[in-house]
Each structure stands twice: as structure tokens, then as C-alpha cells.
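Take a look at the structure set out below.
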Amino acid sequence: MTEARMQETPEHAPGSFCWVEIGTTNAEAAKNFYRELFGWDYEDGEAGPGMIYTMIKLNGKDVGGLYQLNNEMLSAAIPPHWLNYISVTNADEATAQATAAGGSVMKGPFDVATAGRMSVIQDPTGAVFAIWQPKDTPGAGVYGEFGAFCWQELGTSHTQKAKDFYTTLFDWTTEAFFGPMEYTIFKKNNEGVGGMYQITPEMGPLPPHWLTYFAVADCDATVQKATELGGSVMKSAEDIPGVGRFAILRDPAAAVFAILKPAPQQA
């Protein structure tokens, strides 16, 4: 894990996380929950017959997207979830490379109007993410500010297999982070882009997953507010020396996300 970067106009270089998106069972309820929790605004747009895609806004800048799971998705037992997108130069080539490296294609590649081209990929350990080839839309317009995403983290039962896959696909390097548990930082051009930890039996039946972190000014107050709004706590607030204070939460529809109050950056 790393400190959230306070950055108003992020550049999403290939191999960096560029977008987050929530699919939920009740779009209006989700909007209300996250509006109260993070101060988000929303802008609805049509995304095909009978489907609305909502742009999440923070101080006028794009944070991510929100949509309601349709009947086909619900029939496929897709639960409410946050999805992380990674920027690539060519979605078709990256999709082929992901398959060659042991991943599987869940959807794509396909065009999202003129915004970009994407695929949804499952890595060899079972965690799901998306790749994004930008056209008109490079990605989020804000990163690391309070209320915006600031980190992505892979929990997996097979860290070596995951490490081999992601370093091959995105040319990431890895660095061990020494804290209360074994942790790996994924780096691109010597900058941390995400983290990884080993799922242990003590954590229970936790499937491999990518987890989205949002920066907050006060971790404990945000946990309390989330529960008052109908959310629940998966992991209580805890300090990570030199990084900050974090907690893992579920929203009222059971989509999982994390919050982080970054530690003060050292001069």
C-alpha cells in the first residue's frame, strides 16, 4: 500500500488504474449512500436500450461510474461489486496477452461508444478486473483526493501465480512491503500502482478479488457514518505505520470497498 497521491488531473499511463465502477441492485439507493458518505454528485446518461450509466462526480470531476445490474447479470448471479479498470494502449492486444498468460476473458473486447475500448478479464487466480483503451475518455479526472479512489489491492490465494500474470501483462515490477502481514506492492515505472496480499484460512471463505480504496479525511468517522447509512463493517479501522488508517466496508447492497485516511506525507 502507499500514500494517496493528491492529484487533481491524473495521467493514466498504460499499466495504471484509471477508472472504478460499481454495479448494484438499486442505483438510486447506491447514489444516496455514497452521496452522503463521500459527497458525490451524479450525471445520468443513456448506455443502450433501457440502460442508464451514471457518471460519479466530485467537485465537477469524474470519479467513476455507476449502473444497475440488469436481469441477465442477476440471472448469472453477478453480485453488487466494484470493478477496477487498468489503462492499456491496445485492448485487443492486451486481451490476447491476458489469455496467453493464463487469464480468461469474461467479456470483450468491445467498444464503449467513442469513449474507449475494453475487456473484462479474470486472472488465473480468479480475481476480476477490466482493461481500458482510452479514446475520448482517458479515465477518472481526480485521484487521491478525499472521496476519490486512491489505491487498488489484490487479495488472492496464489500470490506467485498472480505476480507472474500481472508482471507479464502490464510490465509491473514488485516490491515487498514490510508491515503487519506479508504484502507486495505492484509498481509501474517505479511508482506504486497497487498492492497484493495472500488470503489465509483465518480470513474465511474470501474469494480472490481486487479491492478499491477511497481516500477520506477521517477513517473512524466515515466508518460510523457508513453504518448509520445502512452499510456494514468487514474490517474495523486499523493503522498501518507510515501509510495511514484504513477500514473495509460493505455498502447496503453488499458491494465491498475500503477507505483510507492517508498518513501525512514525509518531506
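Ordering of the C-alpha cells sets the chain letters (A, B, ...); residue numbers start at 1 within each chain; ligands are numbered from 1 in the order shown.
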
> If you run DSSP on this backbone, which residues of range 89-251 of chain A come out as strand (DSSP E or B), and could you give them as a ChimeraX atom specification?
Replying inline: /A:104-112,116-122,128-134,143,149-156,173-178,182-188,191-198,209-215,232-240,244-250

>> Which residues are close to Asn90 in chain A, i.e. within 7 Å by only C-alpha atoms, leaving aside same-chain residues fewer than 3 positions away? Reply as a PyMOL selection string.
In response: chain A and resi 93-94+133

Go ahead and save the picked residues with N, CA and C atoms, as a PDB file, in the first residue's frame.
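Writing done, so here's selection_15.pdb:
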ATOM      1  N   GLU A  93      -4.920  -6.362 -28.112  1.00  0.00           N
ATOM      2  CA  GLU A  93      -3.632  -6.993 -27.846  1.00  0.00           C
ATOM      3  C   GLU A  93      -3.510  -7.393 -26.377  1.00  0.00           C
ATOM      4  N   ALA A  94      -3.964  -6.515 -25.466  1.00  0.00           N
ATOM      5  CA  ALA A  94      -3.879  -6.815 -24.036  1.00  0.00           C
ATOM      6  C   ALA A  94      -4.768  -7.995 -23.665  1.00  0.00           C
ATOM      7  N   GLN A 133      -8.788   0.824 -23.109  1.00  0.00           N
ATOM      8  CA  GLN A 133      -8.037   1.549 -24.133  1.00  0.00           C
ATOM      9  C   GLN A 133      -8.758   2.878 -24.354  1.00  0.00           C
TER      10      GLN A 133
END

> Do you know which residues are at most 9 Å from Gly194 in chain A counting only C-alpha atoms, after dropping those on the same chain fewer than 6 positions away, and could you put them as a PyMOL selection string?
Replying inline: chain A and resi 1-2+16-17+151-154+184-187

> Looking at only C-alpha atoms, which of A:Gly50, A:Gly15, A:Pro208, A:Gly144 is the one that sits closest to Pro262 in chain A?
Replying inline: A:Gly144

> Got a sec: who's within 7 Å of Gly45 in chain A, counting only C-alpha atoms, leaving out chain neighbours fewer than 6 positions off, as a ChimeraX atom specification?
Replying inline: /A:52-54

With C-alpha atoms kept, could you save the residues just selected as a compact mmCIF listing (two decimals), in the first residue's frame?
# COMPACT_ATOMS: atom_id res chain seq x y z
CA ILE A 52 -28.59 4.14 -17.64
CA TYR A 53 -24.91 4.69 -16.90
CA THR A 54 -24.19 7.26 -14.23

>> I'd like the contact shell of range 99-107 of chain A - 8 Å cut-off, only C-alpha atoms, skipping same-chain residues fewer than 2 positions apart - returned as a list in words.
In response: Thr95, Ala96, Gln97, Pro109, Phe110, Ser119, Val120, Ile121, Gln122, Asp123, Pro124, Phe165, Thr168 and Leu169 of chain A

Could you please take those selected residues and save N, CA and C atoms as a tab-separated table (two decimals), in the first residue's frame?
chain	number	residue	atom	x	y	z
A	95	THR	N	-5.94	-8.10	-24.31
A	95	THR	CA	-6.83	-9.22	-24.06
A	95	THR	C	-6.18	-10.53	-24.49
A	96	ALA	N	-5.57	-10.52	-25.66
A	96	ALA	CA	-4.87	-11.71	-26.14
A	96	ALA	C	-3.70	-12.07	-25.22
A	97	GLN	N	-2.98	-11.07	-24.75
A	97	GLN	CA	-1.86	-11.31	-23.85
A	97	GLN	C	-2.34	-11.88	-22.51
A	109	PRO	N	-13.07	-8.13	-26.39
A	109	PRO	CA	-13.05	-6.66	-26.35
A	109	PRO	C	-14.26	-6.06	-27.06
A	110	PHE	N	-14.69	-4.89	-26.59
A	110	PHE	CA	-15.81	-4.21	-27.23
A	110	PHE	C	-15.66	-2.70	-27.05
A	119	SER	N	-12.17	-4.72	-22.15
A	119	SER	CA	-12.49	-6.11	-21.87
A	119	SER	C	-12.58	-6.29	-20.37
A	120	VAL	N	-13.32	-7.30	-19.96
A	120	VAL	CA	-13.36	-7.72	-18.55
A	120	VAL	C	-12.62	-9.06	-18.47
A	121	ILE	N	-11.63	-9.10	-17.61
A	121	ILE	CA	-10.71	-10.24	-17.53
A	121	ILE	C	-10.75	-10.86	-16.13
A	122	GLN	N	-10.64	-12.18	-16.08
A	122	GLN	CA	-10.43	-12.89	-14.80
A	122	GLN	C	-9.01	-13.42	-14.80
A	123	ASP	N	-8.26	-13.05	-13.77
A	123	ASP	CA	-6.87	-13.51	-13.72
A	123	ASP	C	-6.82	-15.01	-13.39
A	124	PRO	N	-5.64	-15.65	-13.48
A	124	PRO	CA	-5.57	-17.10	-13.27
A	124	PRO	C	-5.96	-17.55	-11.86
A	165	PHE	N	1.42	-13.34	-13.56
A	165	PHE	CA	0.42	-12.88	-14.54
A	165	PHE	C	0.50	-11.36	-14.74
A	168	THR	N	3.75	-9.92	-16.22
A	168	THR	CA	3.83	-10.23	-17.65
A	168	THR	C	2.90	-9.32	-18.46
A	169	LEU	N	1.67	-9.16	-17.98
A	169	LEU	CA	0.65	-8.43	-18.74
A	169	LEU	C	0.90	-6.93	-18.78

> When distances are computed from only C-alpha atoms, which of A:Glu145, A:Glu182, A:Asp111, A:Asp171 shows the smallest separation from Ala47 in chain A?
Replying inline: A:Asp111

Determine, using only C-alpha atoms, which residues of range 97-169 of chain A have any atom at most 7 Å from an atom of range 79-88 of chain A, and tabulate each with its shortest atom pair and distance in Å to one decimal place, rows ordered by chain and then rising number, as a tab-separated table.
residue	atom	partner	partner_atom	distance
A:Phe129	CA	A:Asn84	CA	5.4
A:Ala130	CA	A:Tyr85	CA	4.5
A:Ile131	CA	A:Ile86	CA	4.8
A:Trp132	CA	A:Ser87	CA	4.8
A:Gln133	CA	A:Val88	CA	5.1
